[in-house]
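One structure is given below, encoded as structure tokens.
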Amino acid sequence: MADQINKIEPDGNPEIGEEKVHVFEAWCKKCGICVAFCPTGALTSDANGLPLLTYPEKCTQCGMCELRCPDFAIAVRPREKKEPKIVTTGESQ
Ligand code: SF4
Ligand code: SF4
């Protein structure tokens, strides 16, 4: 239980820290749905069937694992929004 939710963020979602994907072990029933639906193969199951972000570099933070989990046992950190680029053509009017 030590890795469970530390606090709830203002938007009502649990704080999941800096990691891309967090598994709430106490809620996970080790069904493997999240692993099966991960489109990049970033998630695998450990020896006990618990999902593990084995290849974090492959994780695109698409949210599919979180969406498919029937027990709300996995959370994906939202992608950071990038500032829009301002493109100038160098031409003056
Ligand atoms: S967020 Fe997407 S890419 Fe990352 S582990 Fe979940 S399903 Fe896979
Ligand atoms: S889909 Fe949810 S309950 Fe099933 S293994 Fe993944 S995190 Fe655990």
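Ligands are numbered from 1 in the order shown, residues from 1 within each chain, and chains are lettered A, B, ... in the order they appear in the structure tokens.
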List as CSV every residue of chain A that is in contact with ligand 2, defined as an atom at most 7 Å from one of its atoms (using only C-alpha atoms and all ligand atoms), together with the nearest atom pair and the distance in Å rounded to one decimal, sorted by chain and then rising number.
residue,atom,partner,partner_atom_place_in_ligand_line,distance
A:Val23,CA,ligand 2,7 (S),5.9
A:Trp27,CA,ligand 2,3 (S),6.7
A:Cys28,CA,ligand 2,8 (Fe),3.7
A:Lys29,CA,ligand 2,3 (S),4.4
A:Lys30,CA,ligand 2,5 (S),3.7
A:Cys31,CA,ligand 2,4 (Fe),4.0
A:Gly32,CA,ligand 2,5 (S),4.0
A:Ile33,CA,ligand 2,1 (S),4.3
A:Cys34,CA,ligand 2,1 (S),4.2
A:Val35,CA,ligand 2,6 (Fe),6.4
A:Leu50,CA,ligand 2,5 (S),5.9
A:Pro51,CA,ligand 2,5 (S),5.6
A:Cys65,CA,ligand 2,1 (S),6.6
A:Arg68,CA,ligand 2,1 (S),6.2
A:Cys69,CA,ligand 2,1 (S),3.7
A:Pro70,CA,ligand 2,2 (Fe),5.8
A:Asp71,CA,ligand 2,3 (S),5.3
A:Phe72,CA,ligand 2,2 (Fe),6.3
A:Ala73,CA,ligand 2,7 (S),4.6
A:Ile74,CA,ligand 2,7 (S),4.7
Mind writing the picked residues with C-alpha atoms as a PDB file, in the first residue's frame?
ATOM      1  CA  VAL A  23      -0.219   1.238 -11.318  1.00  0.00           C
ATOM      2  CA  TRP A  27      -6.770  -2.077  -7.142  1.00  0.00           C
ATOM      3  CA  CYS A  28      -5.173  -4.108  -9.905  1.00  0.00           C
ATOM      4  CA  LYS A  29      -6.638  -7.565 -10.463  1.00  0.00           C
ATOM      5  CA  LYS A  30      -3.842  -8.481 -12.901  1.00  0.00           C
ATOM      6  CA  CYS A  31      -6.184  -9.123 -15.796  1.00  0.00           C
ATOM      7  CA  GLY A  32      -3.678  -7.991 -18.418  1.00  0.00           C
ATOM      8  CA  ILE A  33      -6.144  -5.854 -20.370  1.00  0.00           C
ATOM      9  CA  CYS A  34      -3.913  -2.783 -20.195  1.00  0.00           C
ATOM     10  CA  VAL A  35      -0.935  -4.758 -21.478  1.00  0.00           C
ATOM     11  CA  LEU A  50       1.158  -6.891 -12.490  1.00  0.00           C
ATOM     12  CA  PRO A  51       1.570  -4.422 -15.358  1.00  0.00           C
ATOM     13  CA  CYS A  65      -4.227   1.522 -20.718  1.00  0.00           C
ATOM     14  CA  ARG A  68      -9.327   0.196 -20.831  1.00  0.00           C
ATOM     15  CA  CYS A  69      -8.665  -0.686 -17.202  1.00  0.00           C
ATOM     16  CA  PRO A  70     -11.966  -1.781 -15.656  1.00  0.00           C
ATOM     17  CA  ASP A  71     -10.739  -1.057 -12.136  1.00  0.00           C
ATOM     18  CA  PHE A  72      -9.206   2.410 -12.467  1.00  0.00           C
ATOM     19  CA  ALA A  73      -5.961   0.807 -11.351  1.00  0.00           C
ATOM     20  CA  ILE A  74      -3.640   2.507 -13.815  1.00  0.00           C
TER      21      ILE A  74
END
Item to check | Residue set, segment 29-60 of chain A restricted to strand (DSSP E), as a ChimeraX atom specification | outcome: /A:43-45,51-53
Export, as a CSV table (one decimal), in the first residue's frame, the selected residues with N, CA and C atoms.
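Result saved to again.csv:
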chain,number,residue,atom,x,y,z
A,43,LEU,N,4.1,-1.6,-22.2
A,43,LEU,CA,3.7,-2.3,-20.9
A,43,LEU,C,3.9,-3.8,-21.1
A,44,THR,N,4.4,-4.4,-20.0
A,44,THR,CA,4.5,-5.9,-19.9
A,44,THR,C,3.9,-6.3,-18.6
A,45,SER,N,3.7,-7.6,-18.4
A,45,SER,CA,3.3,-8.1,-17.1
A,45,SER,C,4.5,-8.7,-16.4
A,51,PRO,N,1.0,-5.2,-14.2
A,51,PRO,CA,1.6,-4.4,-15.4
A,51,PRO,C,2.8,-3.6,-14.9
A,52,LEU,N,3.7,-3.5,-15.9
A,52,LEU,CA,5.0,-2.9,-15.6
A,52,LEU,C,5.3,-2.1,-16.8
A,53,LEU,N,5.7,-0.8,-16.7
A,53,LEU,CA,6.2,0.0,-17.8
A,53,LEU,C,7.6,-0.4,-18.1
Taking only C-alpha atoms and all ligand atoms into account, list the residues no farther than 10 Å from ligand 1, as a PDB file with C-alpha atoms, in the first residue's frame.
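After the write, result.pdb holds the following:
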ATOM      1  CA  LYS A  20       4.493   8.307 -17.164  1.00  0.00           C
ATOM      2  CA  VAL A  21       2.277   5.495 -15.953  1.00  0.00           C
ATOM      3  CA  HIS A  22       1.392   4.482 -12.417  1.00  0.00           C
ATOM      4  CA  ILE A  33      -6.144  -5.854 -20.370  1.00  0.00           C
ATOM      5  CA  CYS A  34      -3.913  -2.783 -20.195  1.00  0.00           C
ATOM      6  CA  VAL A  35      -0.935  -4.758 -21.478  1.00  0.00           C
ATOM      7  CA  ALA A  36      -2.986  -6.218 -24.305  1.00  0.00           C
ATOM      8  CA  PHE A  37      -4.249  -2.820 -25.431  1.00  0.00           C
ATOM      9  CA  CYS A  38      -0.987  -0.903 -25.175  1.00  0.00           C
ATOM     10  CA  PRO A  39      -0.365   0.001 -28.822  1.00  0.00           C
ATOM     11  CA  THR A  40       3.389   0.413 -28.469  1.00  0.00           C
ATOM     12  CA  GLY A  41       4.303  -2.603 -26.353  1.00  0.00           C
ATOM     13  CA  ALA A  42       5.611  -0.377 -23.588  1.00  0.00           C
ATOM     14  CA  LEU A  43       3.706  -2.296 -20.920  1.00  0.00           C
ATOM     15  CA  THR A  44       4.453  -5.874 -19.932  1.00  0.00           C
ATOM     16  CA  PRO A  51       1.570  -4.422 -15.358  1.00  0.00           C
ATOM     17  CA  LEU A  52       4.984  -2.881 -15.603  1.00  0.00           C
ATOM     18  CA  LEU A  53       6.171  -0.028 -17.801  1.00  0.00           C
ATOM     19  CA  THR A  54       9.142  -2.004 -19.044  1.00  0.00           C
ATOM     20  CA  TYR A  55       9.871   0.264 -21.994  1.00  0.00           C
ATOM     21  CA  PRO A  56       9.072   3.823 -20.841  1.00  0.00           C
ATOM     22  CA  GLU A  57      10.738   5.224 -23.943  1.00  0.00           C
ATOM     23  CA  LYS A  58       8.035   3.536 -26.025  1.00  0.00           C
ATOM     24  CA  CYS A  59       5.181   5.007 -23.990  1.00  0.00           C
ATOM     25  CA  THR A  60       3.471   7.816 -25.853  1.00  0.00           C
ATOM     26  CA  GLN A  61       1.172   8.588 -22.907  1.00  0.00           C
ATOM     27  CA  CYS A  62      -1.742   7.815 -25.188  1.00  0.00           C
ATOM     28  CA  GLY A  63      -3.940   6.875 -22.226  1.00  0.00           C
ATOM     29  CA  MET A  64      -5.227   3.635 -23.728  1.00  0.00           C
ATOM     30  CA  CYS A  65      -4.227   1.522 -20.718  1.00  0.00           C
ATOM     31  CA  GLU A  66      -6.031   3.879 -18.352  1.00  0.00           C
ATOM     32  CA  LEU A  67      -9.074   3.976 -20.609  1.00  0.00           C
ATOM     33  CA  ARG A  68      -9.327   0.196 -20.831  1.00  0.00           C
ATOM     34  CA  ILE A  74      -3.640   2.507 -13.815  1.00  0.00           C
ATOM     35  CA  ALA A  75      -3.122   6.201 -14.437  1.00  0.00           C
ATOM     36  CA  VAL A  76      -1.252   7.973 -17.207  1.00  0.00           C
ATOM     37  CA  ARG A  77       0.400  11.314 -16.654  1.00  0.00           C
ATOM     38  CA  PRO A  78      -0.986  13.779 -19.207  1.00  0.00           C
ATOM     39  CA  ARG A  79       1.388  14.906 -21.889  1.00  0.00           C
TER      40      ARG A  79
END
